[in-house]
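Presented below is the structure to which this report refers.
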Amino acid sequence: MLMKRLLPLAGVSTLALMTAALAQDASTPIILDQITLVADGEENIESTGGAVVTPEDIEVLQPNNVSELFARESAVSVSGGAGPSKRIHVFGIEQSKLAVTVDGVPQGPSSWHHTGSNVVDPAFIRSVEVEAGAAAADAGFAAGAGAVRYETVGAKDMLEDGKTHGGRAALSYGGNGQGVSGSLAGYGVQGNFDWFVMLHAQDGDDYKAGNGREMPGSSPAAKGALVKLGYELETGRIELAYDKSEDDADRVIKMNMDLNRDSTVFPLKVENETLSLTYTSTAPTESWDPKAKLYIGSSSYWRPNYVTGDLIDPATGSARPNGDMSLDRDTFGGVLQNTFTIAQGSITTGIDFADNDYSVNNYGDHSTAQPRIHNFSTRQIGAFVQGRFEFANGFDLSTGMRYDHQRLEDWNNERFTSSGASANATLSYRINDTFEVFAGASHTWMGYDVGEYGLLHARNADFSTDPGYDPATAKNYKLGVNAGGDNWKAGLTFFDTRIDGLAEYDVEAGMLTNAEEGRSKGFTLNARYEWTNTTIGASYTKADVTTDGDFALPGGGGFMPIGDMASVYVDHVMPQYDLKLGATLEWAGELSDDAMEAAYFSTHDSYSVVNAYAEWSPEQLQGGMLRLGVDNLFDETYYERTSYVIRAVPGRDIQPAYAPGRTVSISFTKSF
């Protein structure tokens with residue numbers, strides 16, 4: 001069956017790669033018209049249904065959290081609650097089913113669906129690319145539903161023309177618990193050496209939802225540091241980068257919901273740390289354009305032992321300790337690749353590897369039947385080739401393959417070893433200067449999925465891995481049309497993503513086993529129009545999300561129902577007043593299903609949220625910018641689509657983690 005799925009894609013990939021390579025000696029240069037899908041050897045992400053948050057977008061949005069970072073992208077939804085709970089979903093598929101990287105460093109799976117293991121601080125982010133569906137072979141291992149690439153800022157991004165050093169300071173204050181946020185960056189270039197250092201911190205209070213309810217444990221508490229040191233050799237550049245982000249505050253036990261309206265909070269610390277060394281060529285040739293990266297990193301979740309009345313010791317009849325909960329992942333990996341330039345485009349080949357060690361420490365204080373620590377590991381190595389070609393007859397093709405080998409050693413020292421191939425192809429055709437059609441498909445071998453490994457926190461000593469545990473696989477199909485002119489563009493993409501064999505921590509069976517197929521299908525469209533001083537844009541996404549063929553319930557796992565979502569935005573510049581104004585409308589349609597009602601979930605209500613801003617940057621401020629922002633202008637009571645909904649279960653009162661009500665903020669940014 002695997003070969004039947006791979007052969008059509010592999011045939012396209014192999015034929016295209018061989019044809020392009022044989023044509024390398026063509027003496028007549030090919031002059032290409034302007035294209036949409038493949039430009040400068042890279043796929044245009046937006047043109048195939050994905051999302052791009054550019055540096056210009058980030059300057060406009062000035063995001064304080066991940067929800068605000070993706071406010072204008074209907075294809076991306078974010079979990080609600082405090083900062084560390086904000087995992088993203090693409091077309092309703094959770095982020096760890098995509099290849100998520102920060103500056104090329106893989107971020108690993110989410111540790112627990114109540115609190116993810118990735119603390120992404122928007123203060124450090126330069127841009128984001130969300131490649132939905134059929135991801136390229138060089139996007140990384142296990143890119144089942146696509147890839148998310150975060151890029152952080154650096155010295156050359158910040159330096160003004162003609163300057164060799166500089167700095168930037170930012171300070172903001174917001175009501176409704178947003179509190180104080182500040183960042184300070186210094187950067188410069190001296191000869192062949194460049195450097196960048198940035199610090200950021202937030203401190204605030206719990207916010208109130210639009211209905212006036214204070215959401216316990218929701219105060220902002222992110223802080224972090226980013227350091228980059230670069231040195232340019234005669235033909236290359238070496239960069240050493242270190243970044244650390246953490247959130248350390250008192251939180252409710254399950255941050256993405258309001259469980260039993262319990263306002264009790266406990267200490268919680270979530271932390272990420274990465275050190276990477278990267279080499280890139282500064283004098284590439286047609287046959288030699290290398291890139292190499294090595295990295296080490298860690299992510300941790302730490303919640304101390306606490307006592308709660310929900311847990312009763314049967315021996316004493318009194319409340320007993322809940323037990324420490326400590327989740328850790330240590331990683332070491334790298335990638336080595338080279339890009340060959342040919343007349344029709346480029347071919348990238350390389351290898352990558354990753355070693356991940358996991359540790360789950362919990363519930364050791366009150367049960368001798370449960371082990372205190374679950375340790376397990378994964379080892380992966382893969383080889384890949386991806387070609388991106390532009391042909392004079394109007395056709396453009398991105399296609400590639402990769403082959404991976406992986407080993408899983410579980411907490412009982414049982415080993416599972418397997419290998420698999422992946423293939424992808426996206427073909428586009430330019431009908432004329434205005435219209436383009438495209439189609440894409442991929443099969444991805446994802447290896448042994450470890451899922452939300454934090455679920456091991458309450459498993460007993462008999463919990464094991466199914467002897468027949470299989471690697472997960474994914475299939476993606478997409479079809480669409482793009483159109484554009486001098487000052488406008490629009491696109492429509494139909495998508496269908498299926499992932500089979502993900503991890504399921506089956507309590508009744510007492511083992512880690514494979515889950516049934518999850519699927520997201522639907523369409524997404526986007527449009528943008530630019531005048532001299534005004535830009536208007538919109539996006540709309542409709543996704544039907546199912547598990548094992550049935551409506552996916554909003555349980556916080558790998559697949560979440562999102563239904564219909566849209567965003568509309570406008571930005572207007574008034575140069576005569578040194579003023580910029582803008583607003584974003586976020587909308588989600590009502591979402592209901594008989595399966596939700598049968599499982600005691602209430603209907604997701606529709607919501608419309610407006611965020612507005614005004615920026616003033618006169619010459620008198622000499623590089624300074626003053627900004628007034630109003631989020632949730634009309635004080636809407638709502639929760640983000642991937643949060644929990646109200647559930648009418650006897651003895652339990654599960655409410656969603658409502659988003660903040662109206663929040664007014666003022667900030668000042670100064671470059672020097």
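Going by the structure tokens order, chains are called A, B, ..., each with residues numbered from 1, while ligands are numbered from 1 in the order shown.
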Skipping near chain neighbours, those fewer than 5 positions away, what residues fall within 6 Å of Ser671 (chain A) using only C-alpha atoms, listed as a ChimeraX atom specification?
-> /A:167-168,623
Selection: 12 Å around region 567-579 of chain A, only C-alpha atoms, excl. self and same-chain fewer than 5 positions, as a PyMOL selection string | chain A and resi 56-57+59-61+70-77+524-541+584-589+607-621+623-628
Write out as number ranges by chain the residues lying within 9 Å of Phe193 (chain A), counting only C-alpha atoms and excluding same-chain residues fewer than 2 positions away.
-> A: 188-191, 195, 229-232
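Within region 400-541 of chain A, residues classed as helix (DSSP H, G or I) by DSSP on backbone coordinates are Tyr453, Gly454, Leu455, Leu456, His457 and Ala458 of chain A.
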Members of region 333-501 of chain A assigned strand (DSSP E) by DSSP, as a tab-separated table (two decimals) with C-alpha atoms, in the first residue's frame:
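Output contents, as saved in out00.tsv:
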```
chain	number	residue	atom	x	y	z
A	333	GLY	CA	20.31	17.75	16.17
A	334	GLY	CA	21.47	19.29	12.97
A	335	VAL	CA	21.11	19.68	9.23
A	336	LEU	CA	23.63	19.77	6.40
A	337	GLN	CA	22.44	20.77	2.94
A	338	ASN	CA	23.57	22.20	-0.39
A	339	THR	CA	21.61	23.98	-3.11
A	340	PHE	CA	22.45	23.53	-6.78
A	341	THR	CA	21.35	26.25	-9.18
A	342	ILE	CA	20.37	25.23	-12.70
A	345	GLY	CA	15.57	26.69	-10.85
A	346	SER	CA	17.29	24.95	-7.95
A	347	ILE	CA	17.76	21.56	-6.29
A	348	THR	CA	18.41	21.30	-2.55
A	349	THR	CA	19.83	18.08	-1.09
A	350	GLY	CA	20.83	17.27	2.45
A	351	ILE	CA	20.59	15.22	5.61
A	352	ASP	CA	19.13	16.03	9.02
A	353	PHE	CA	19.03	14.28	12.37
A	354	ALA	CA	17.55	14.77	15.83
A	355	ASP	CA	17.94	13.04	19.21
A	356	ASN	CA	15.23	13.73	21.79
A	357	ASP	CA	15.21	12.57	25.41
A	358	TYR	CA	11.97	12.90	27.38
A	359	SER	CA	11.28	12.71	31.10
A	360	VAL	CA	7.92	12.75	32.89
A	361	ASN	CA	8.08	13.06	36.68
A	362	ASN	CA	4.79	13.05	38.54
A	373	ILE	CA	9.74	8.92	36.44
A	374	HIS	CA	8.94	7.85	32.87
A	375	ASN	CA	11.98	8.22	30.60
A	376	PHE	CA	11.91	7.57	26.86
A	377	SER	CA	13.70	8.75	23.72
A	378	THR	CA	13.52	9.06	19.94
A	379	ARG	CA	16.34	9.06	17.37
A	380	GLN	CA	15.84	10.16	13.76
A	381	ILE	CA	18.04	10.61	10.70
A	382	GLY	CA	16.84	11.52	7.23
A	383	ALA	CA	18.01	12.39	3.73
A	384	PHE	CA	16.09	14.73	1.42
A	385	VAL	CA	16.06	16.33	-2.01
A	386	GLN	CA	13.74	19.14	-3.12
A	387	GLY	CA	13.62	20.75	-6.55
A	388	ARG	CA	11.98	24.05	-7.41
A	389	PHE	CA	11.66	24.68	-11.12
A	390	GLU	CA	10.35	27.47	-13.34
A	395	PHE	CA	4.50	25.60	-15.74
A	396	ASP	CA	6.25	25.75	-12.36
A	397	LEU	CA	6.98	22.74	-10.19
A	398	SER	CA	8.11	22.16	-6.63
A	399	THR	CA	8.75	18.50	-5.92
A	400	GLY	CA	10.90	16.37	-3.65
A	401	MET	CA	11.43	13.25	-1.61
A	402	ARG	CA	12.92	12.28	1.73
A	403	TYR	CA	13.72	9.03	3.51
A	404	ASP	CA	13.84	8.78	7.30
A	405	HIS	CA	14.89	6.19	9.84
A	406	GLN	CA	13.66	6.44	13.43
A	407	ARG	CA	13.91	4.57	16.70
A	408	LEU	CA	11.61	4.92	19.71
A	409	GLU	CA	12.77	3.53	23.06
A	415	ARG	CA	12.54	-0.49	21.20
A	416	PHE	CA	10.57	0.24	18.05
A	417	THR	CA	12.50	0.84	14.82
A	418	SER	CA	11.24	1.69	11.36
A	419	SER	CA	11.98	3.62	8.17
A	420	GLY	CA	9.82	5.33	5.60
A	421	ALA	CA	9.74	7.52	2.53
A	422	SER	CA	7.90	10.77	1.84
A	423	ALA	CA	7.18	12.54	-1.43
A	424	ASN	CA	5.57	15.81	-2.47
A	425	ALA	CA	4.72	17.70	-5.65
A	426	THR	CA	3.03	21.02	-6.36
A	427	LEU	CA	2.47	21.98	-9.99
A	428	SER	CA	1.20	25.35	-11.18
A	429	TYR	CA	0.31	26.78	-14.58
A	430	ARG	CA	0.16	30.47	-15.46
A	435	PHE	CA	-4.49	33.93	-13.45
A	436	GLU	CA	-2.69	30.84	-12.25
A	437	VAL	CA	-3.99	27.38	-11.28
A	438	PHE	CA	-2.18	24.81	-9.15
A	439	ALA	CA	-2.49	21.34	-7.65
A	440	GLY	CA	-0.41	19.64	-4.99
A	441	ALA	CA	-0.16	16.34	-3.15
A	442	SER	CA	2.10	14.70	-0.61
A	443	HIS	CA	2.57	11.52	1.37
A	444	THR	CA	4.51	11.98	4.61
A	445	TRP	CA	6.07	9.30	6.80
A	446	MET	CA	5.95	10.83	10.31
A	447	GLY	CA	7.60	8.08	12.33
A	464	SER	CA	3.15	0.08	28.14
A	465	THR	CA	3.44	0.59	24.40
A	472	ALA	CA	2.14	7.67	11.70
A	473	THR	CA	1.55	8.79	8.13
A	474	ALA	CA	-0.14	11.75	6.46
A	475	LYS	CA	-1.69	12.50	3.07
A	476	ASN	CA	-2.30	15.98	1.69
A	477	TYR	CA	-4.12	17.22	-1.38
A	478	LYS	CA	-4.71	20.79	-2.46
A	479	LEU	CA	-6.12	22.50	-5.52
A	480	GLY	CA	-6.54	26.19	-6.20
A	481	VAL	CA	-6.42	29.30	-8.30
A	482	ASN	CA	-4.58	32.60	-7.83
A	483	ALA	CA	-5.16	35.95	-9.47
A	484	GLY	CA	-3.40	39.27	-9.26
A	488	TRP	CA	-4.31	43.49	-5.93
A	489	LYS	CA	-4.16	39.76	-5.45
A	490	ALA	CA	-6.54	36.96	-4.48
A	491	GLY	CA	-6.45	33.21	-4.07
A	492	LEU	CA	-8.70	30.21	-3.43
A	493	THR	CA	-7.36	26.88	-2.13
A	494	PHE	CA	-9.23	23.63	-1.51
A	495	PHE	CA	-7.42	21.36	0.96
A	496	ASP	CA	-7.72	17.83	2.32
A	497	THR	CA	-5.31	16.61	5.03
A	498	ARG	CA	-5.46	13.15	6.60
A	499	ILE	CA	-3.19	11.89	9.38
A	500	ASP	CA	-3.30	8.27	10.51
```
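The coordinates place CA of Tyr150 (chain A) at 4.6 Å from CA of Val102 (chain A).
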Nearest to Glu640 (chain A): which of A:Asn305, A:Ser298, A:Asn256, A:Asn64 is it, counting only C-alpha atoms?
->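 So, comparing all the options, the nearest one is A:Asn256.
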Write out as a ChimeraX atom specification each polymer residue whose atoms come within 10 Å of region 542-557 of chain A, counting only C-alpha atoms; drop sequence neighbours fewer than 3 positions from it.
-> /A:74-75,79,87,90-94,112-114,256-257,451-452,494-500,504,515-525,560-566,588-589,593-597,599,601,604,641-645
I need the chosen residues saved as a short mmCIF file (atom, residue, chain, number, x, y, z; two decimals), in the first residue's frame, with C-alpha atoms.
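Below you can see result_0.cif, which holds the result:
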```cif
data_model
loop_
_atom_site.label_atom_id
_atom_site.label_comp_id
_atom_site.auth_asym_id
_atom_site.auth_seq_id
_atom_site.Cartn_x
_atom_site.Cartn_y
_atom_site.Cartn_z
CA SER A 74 -8.13 32.88 9.34
CA ALA A 75 -6.26 29.63 8.58
CA SER A 79 -5.91 28.27 22.09
CA ARG A 87 -0.86 26.49 20.98
CA VAL A 90 -3.69 25.19 11.27
CA PHE A 91 -7.01 24.24 9.66
CA GLY A 92 -7.90 22.73 13.05
CA ILE A 93 -4.75 20.55 13.27
CA GLU A 94 -2.54 21.14 16.30
CA TRP A 112 0.26 18.62 27.34
CA HIS A 113 -2.94 19.89 25.76
CA HIS A 114 -3.69 22.15 28.75
CA ASN A 256 -7.11 26.43 28.56
CA MET A 257 -10.38 26.09 30.47
CA GLY A 451 1.88 12.79 21.19
CA GLU A 452 1.14 14.69 24.38
CA PHE A 494 -9.23 23.63 -1.51
CA PHE A 495 -7.42 21.36 0.96
CA ASP A 496 -7.72 17.83 2.32
CA THR A 497 -5.31 16.61 5.03
CA ARG A 498 -5.46 13.15 6.60
CA ILE A 499 -3.19 11.89 9.38
CA ASP A 500 -3.30 8.27 10.51
CA GLU A 504 -3.22 7.77 21.80
CA ALA A 515 -5.31 6.66 17.10
CA GLU A 516 -7.77 6.52 14.22
CA GLU A 517 -7.44 8.81 11.22
CA GLY A 518 -7.91 12.54 11.74
CA ARG A 519 -8.93 14.69 8.81
CA SER A 520 -9.41 18.34 7.93
CA LYS A 521 -10.91 19.35 4.59
CA GLY A 522 -12.36 22.56 3.28
CA PHE A 523 -11.22 25.70 1.56
CA THR A 524 -9.55 29.00 2.32
CA LEU A 525 -9.47 32.22 0.35
CA MET A 560 -10.19 20.63 16.93
CA PRO A 561 -13.36 21.76 15.14
CA ILE A 562 -13.12 25.34 13.92
CA GLY A 563 -15.90 25.66 11.36
CA ASP A 564 -15.95 29.05 9.63
CA MET A 565 -13.42 31.77 10.44
CA ALA A 566 -12.58 35.07 8.76
CA ALA A 588 -16.00 33.06 13.77
CA GLY A 589 -19.30 31.50 12.81
CA ASP A 593 -23.23 19.37 15.72
CA ASP A 594 -25.32 16.50 17.05
CA ALA A 595 -22.10 14.82 18.21
CA MET A 596 -21.27 17.85 20.36
CA GLU A 597 -24.71 17.79 21.95
CA ALA A 599 -21.17 14.52 24.34
CA PHE A 601 -20.78 20.14 24.66
CA HIS A 604 -19.87 27.49 19.87
CA ARG A 641 -12.19 28.66 18.61
CA THR A 642 -9.68 26.09 19.89
CA SER A 643 -10.61 26.66 23.55
CA TYR A 644 -13.01 24.51 25.53
CA VAL A 645 -16.73 25.12 25.43
#
```
Quick one: residues within 10 Å of Pro220 (chain A), only C-alpha atoms counted, chain neighbours fewer than 2 positions away excluded, as a list in words?
-> Asn64, Asn65, Ala82, Gly83, Pro84, Gly177, Gln178, Gly179, Val180, Ser181, Ala201, Gln202, Asp203, Gly204, Asp205, Asp206, Tyr207, Gly217, Ser218, Ala222, Lys223, Asp247, Asp248 and Ala249 of chain A
Could the residues in this selection be written to a file with all heavy atoms, as a compact mmCIF listing (two decimals), in the first residue's frame?
```txt
# COMPACT_ATOMS: atom_id res chain seq x y z
N ASN A 64 1.40 41.23 21.48
CA ASN A 64 1.83 40.90 22.84
C ASN A 64 1.81 39.40 23.10
O ASN A 64 2.40 38.93 24.06
CB ASN A 64 0.92 41.60 23.87
CG ASN A 64 1.21 43.08 23.98
OD1 ASN A 64 2.31 43.48 24.35
ND2 ASN A 64 0.24 43.90 23.63
N ASN A 65 1.09 38.65 22.25
CA ASN A 65 1.00 37.20 22.43
C ASN A 65 0.73 36.56 21.08
O ASN A 65 0.56 37.24 20.06
CB ASN A 65 -0.08 36.83 23.45
CG ASN A 65 -1.44 37.44 23.11
OD1 ASN A 65 -1.96 37.25 22.01
ND2 ASN A 65 -1.99 38.21 24.04
N ALA A 82 -3.96 31.88 29.37
CA ALA A 82 -2.69 32.57 29.58
C ALA A 82 -1.67 32.18 28.52
O ALA A 82 -1.85 31.21 27.77
CB ALA A 82 -2.16 32.25 30.98
N GLY A 83 -0.57 32.93 28.46
CA GLY A 83 0.43 32.78 27.41
C GLY A 83 0.88 31.36 27.09
O GLY A 83 0.86 30.95 25.93
N PRO A 84 1.32 30.56 28.07
CA PRO A 84 1.85 29.23 27.75
C PRO A 84 0.82 28.25 27.19
O PRO A 84 1.19 27.21 26.67
CB PRO A 84 2.37 28.73 29.11
CG PRO A 84 2.60 29.95 29.91
CD PRO A 84 1.53 30.90 29.48
N GLY A 177 -5.35 44.29 32.94
CA GLY A 177 -4.36 43.29 33.31
C GLY A 177 -3.14 43.20 32.43
O GLY A 177 -2.18 42.50 32.78
N GLN A 178 -3.15 43.90 31.28
CA GLN A 178 -2.00 43.77 30.37
C GLN A 178 -0.71 44.25 31.02
O GLN A 178 0.36 43.71 30.75
CB GLN A 178 -2.28 44.54 29.08
CG GLN A 178 -1.29 44.23 27.97
CD GLN A 178 -1.66 44.89 26.67
OE1 GLN A 178 -1.12 45.93 26.31
NE2 GLN A 178 -2.61 44.30 25.97
N GLY A 179 -0.78 45.27 31.85
CA GLY A 179 0.37 45.69 32.63
C GLY A 179 1.48 46.31 31.81
O GLY A 179 1.25 46.94 30.78
N VAL A 180 2.72 46.09 32.26
CA VAL A 180 3.89 46.71 31.66
C VAL A 180 4.67 45.68 30.85
O VAL A 180 4.88 44.55 31.29
CB VAL A 180 4.80 47.32 32.74
CG1 VAL A 180 6.05 47.92 32.12
CG2 VAL A 180 4.05 48.37 33.55
N SER A 181 5.10 46.11 29.67
CA SER A 181 5.95 45.28 28.82
C SER A 181 7.09 46.13 28.31
O SER A 181 6.87 47.27 27.88
CB SER A 181 5.14 44.71 27.64
OG SER A 181 5.98 44.01 26.76
N ALA A 201 10.55 41.54 28.74
CA ALA A 201 9.81 41.07 29.91
C ALA A 201 8.43 41.70 29.95
O ALA A 201 8.23 42.83 29.46
CB ALA A 201 10.57 41.39 31.20
N GLN A 202 7.47 40.97 30.50
CA GLN A 202 6.11 41.44 30.72
C GLN A 202 5.72 41.18 32.16
O GLN A 202 6.14 40.20 32.76
CB GLN A 202 5.11 40.71 29.81
CG GLN A 202 5.22 41.02 28.33
CD GLN A 202 4.23 40.18 27.54
OE1 GLN A 202 4.44 39.01 27.28
NE2 GLN A 202 3.13 40.80 27.15
N ASP A 203 4.87 42.05 32.70
CA ASP A 203 4.35 41.84 34.05
C ASP A 203 2.99 42.52 34.14
O ASP A 203 2.86 43.71 33.85
CB ASP A 203 5.30 42.42 35.09
CG ASP A 203 4.84 42.09 36.51
OD1 ASP A 203 4.42 40.95 36.74
OD2 ASP A 203 4.88 42.99 37.37
N GLY A 204 1.98 41.75 34.51
CA GLY A 204 0.63 42.30 34.59
C GLY A 204 -0.23 41.54 35.57
O GLY A 204 0.27 40.79 36.42
N ASP A 205 -1.53 41.71 35.45
CA ASP A 205 -2.50 41.08 36.34
C ASP A 205 -3.46 40.22 35.53
O ASP A 205 -3.45 40.23 34.29
CB ASP A 205 -3.29 42.14 37.11
CG ASP A 205 -2.40 43.03 37.96
OD1 ASP A 205 -1.52 42.49 38.65
OD2 ASP A 205 -2.57 44.27 37.90
N ASP A 206 -4.31 39.49 36.22
CA ASP A 206 -5.34 38.71 35.55
C ASP A 206 -6.30 39.65 34.82
O ASP A 206 -6.67 40.71 35.33
CB ASP A 206 -6.13 37.87 36.55
CG ASP A 206 -5.27 36.81 37.22
OD1 ASP A 206 -4.20 36.48 36.67
OD2 ASP A 206 -5.66 36.33 38.30
N TYR A 207 -6.70 39.27 33.62
CA TYR A 207 -7.61 40.11 32.86
C TYR A 207 -9.07 39.74 33.11
O TYR A 207 -9.37 38.67 33.65
CB TYR A 207 -7.28 40.04 31.36
CG TYR A 207 -7.49 38.68 30.72
CD1 TYR A 207 -8.76 38.20 30.42
CD2 TYR A 207 -6.39 37.89 30.35
CE1 TYR A 207 -8.95 36.98 29.81
CE2 TYR A 207 -6.57 36.66 29.74
CZ TYR A 207 -7.86 36.21 29.47
OH TYR A 207 -8.04 34.99 28.86
N GLY A 217 -5.34 33.28 36.98
CA GLY A 217 -4.11 32.72 36.43
C GLY A 217 -3.81 33.16 35.02
O GLY A 217 -3.08 32.47 34.30
N SER A 218 -4.33 34.31 34.59
CA SER A 218 -4.15 34.74 33.20
C SER A 218 -3.16 35.89 33.06
O SER A 218 -3.02 36.45 31.97
CB SER A 218 -5.50 35.16 32.61
OG SER A 218 -6.04 36.27 33.32
N ALA A 222 5.68 36.67 30.57
CA ALA A 222 6.75 36.19 29.69
C ALA A 222 8.01 37.03 29.84
O ALA A 222 7.94 38.24 30.04
CB ALA A 222 6.28 36.22 28.23
N LYS A 223 9.13 36.37 29.73
CA LYS A 223 10.41 37.08 29.68
C LYS A 223 11.41 36.22 28.94
O LYS A 223 11.28 34.99 28.88
CB LYS A 223 10.91 37.43 31.08
CG LYS A 223 11.03 36.31 32.07
CD LYS A 223 11.51 36.85 33.40
CE LYS A 223 11.57 35.77 34.48
NZ LYS A 223 10.22 35.37 34.92
N ASP A 247 7.95 31.47 31.03
CA ASP A 247 6.77 32.05 31.66
C ASP A 247 6.71 31.45 33.06
O ASP A 247 6.60 30.23 33.22
CB ASP A 247 5.51 31.72 30.86
CG ASP A 247 4.29 32.45 31.37
OD1 ASP A 247 3.79 32.09 32.46
OD2 ASP A 247 3.82 33.39 30.70
N ASP A 248 6.79 32.31 34.06
CA ASP A 248 6.85 31.85 35.45
C ASP A 248 5.83 32.65 36.25
O ASP A 248 6.04 33.84 36.54
CB ASP A 248 8.26 32.06 35.99
CG ASP A 248 8.47 31.41 37.36
OD1 ASP A 248 7.50 30.83 37.89
OD2 ASP A 248 9.59 31.50 37.89
N ALA A 249 4.71 32.02 36.60
CA ALA A 249 3.63 32.74 37.29
C ALA A 249 2.71 31.74 37.96
O ALA A 249 2.84 30.52 37.78
CB ALA A 249 2.85 33.61 36.30
```
Name all residues at most 7 Å from region 270-279 of chain A (count only C-alpha atoms; drop same-chain ones fewer than 6 positions away) and give them as a list of chain:residue names.
->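 Skipping anything fewer than 6 positions along the chain leaves A:Ser117, A:Asn118, A:Val119, A:Gly236, A:Arg237, A:Ile238, A:Glu239, A:Leu240, A:Ala241, A:Tyr242, A:Asp243, A:Lys244, A:Ser245, A:Glu246, A:Asp247, A:Asp248, A:Lys291, A:Ala292, A:Lys293, A:Leu294, A:Tyr295, A:Ile296, A:Gly297, A:Ser298, A:Ser299, A:Ser300, A:Tyr301, A:Trp302.
The two atoms in question, CA of His457 (chain A) and CA of Ile654 (chain A), are spaced 21.6 Å apart.
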Please, what distance in Å, to one decimal, runs between CA of Ala283 (chain A) and CA of Glu234 (chain A)?
-> 8.2 Å
Proximity to Ala123 (chain A) - best of A:Asn176, A:Thr282, A:Gly224, A:Tyr505, only C-alpha atoms =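 Looking at the shortest contact to Ala123 (chain A), the residue is A:Gly224.
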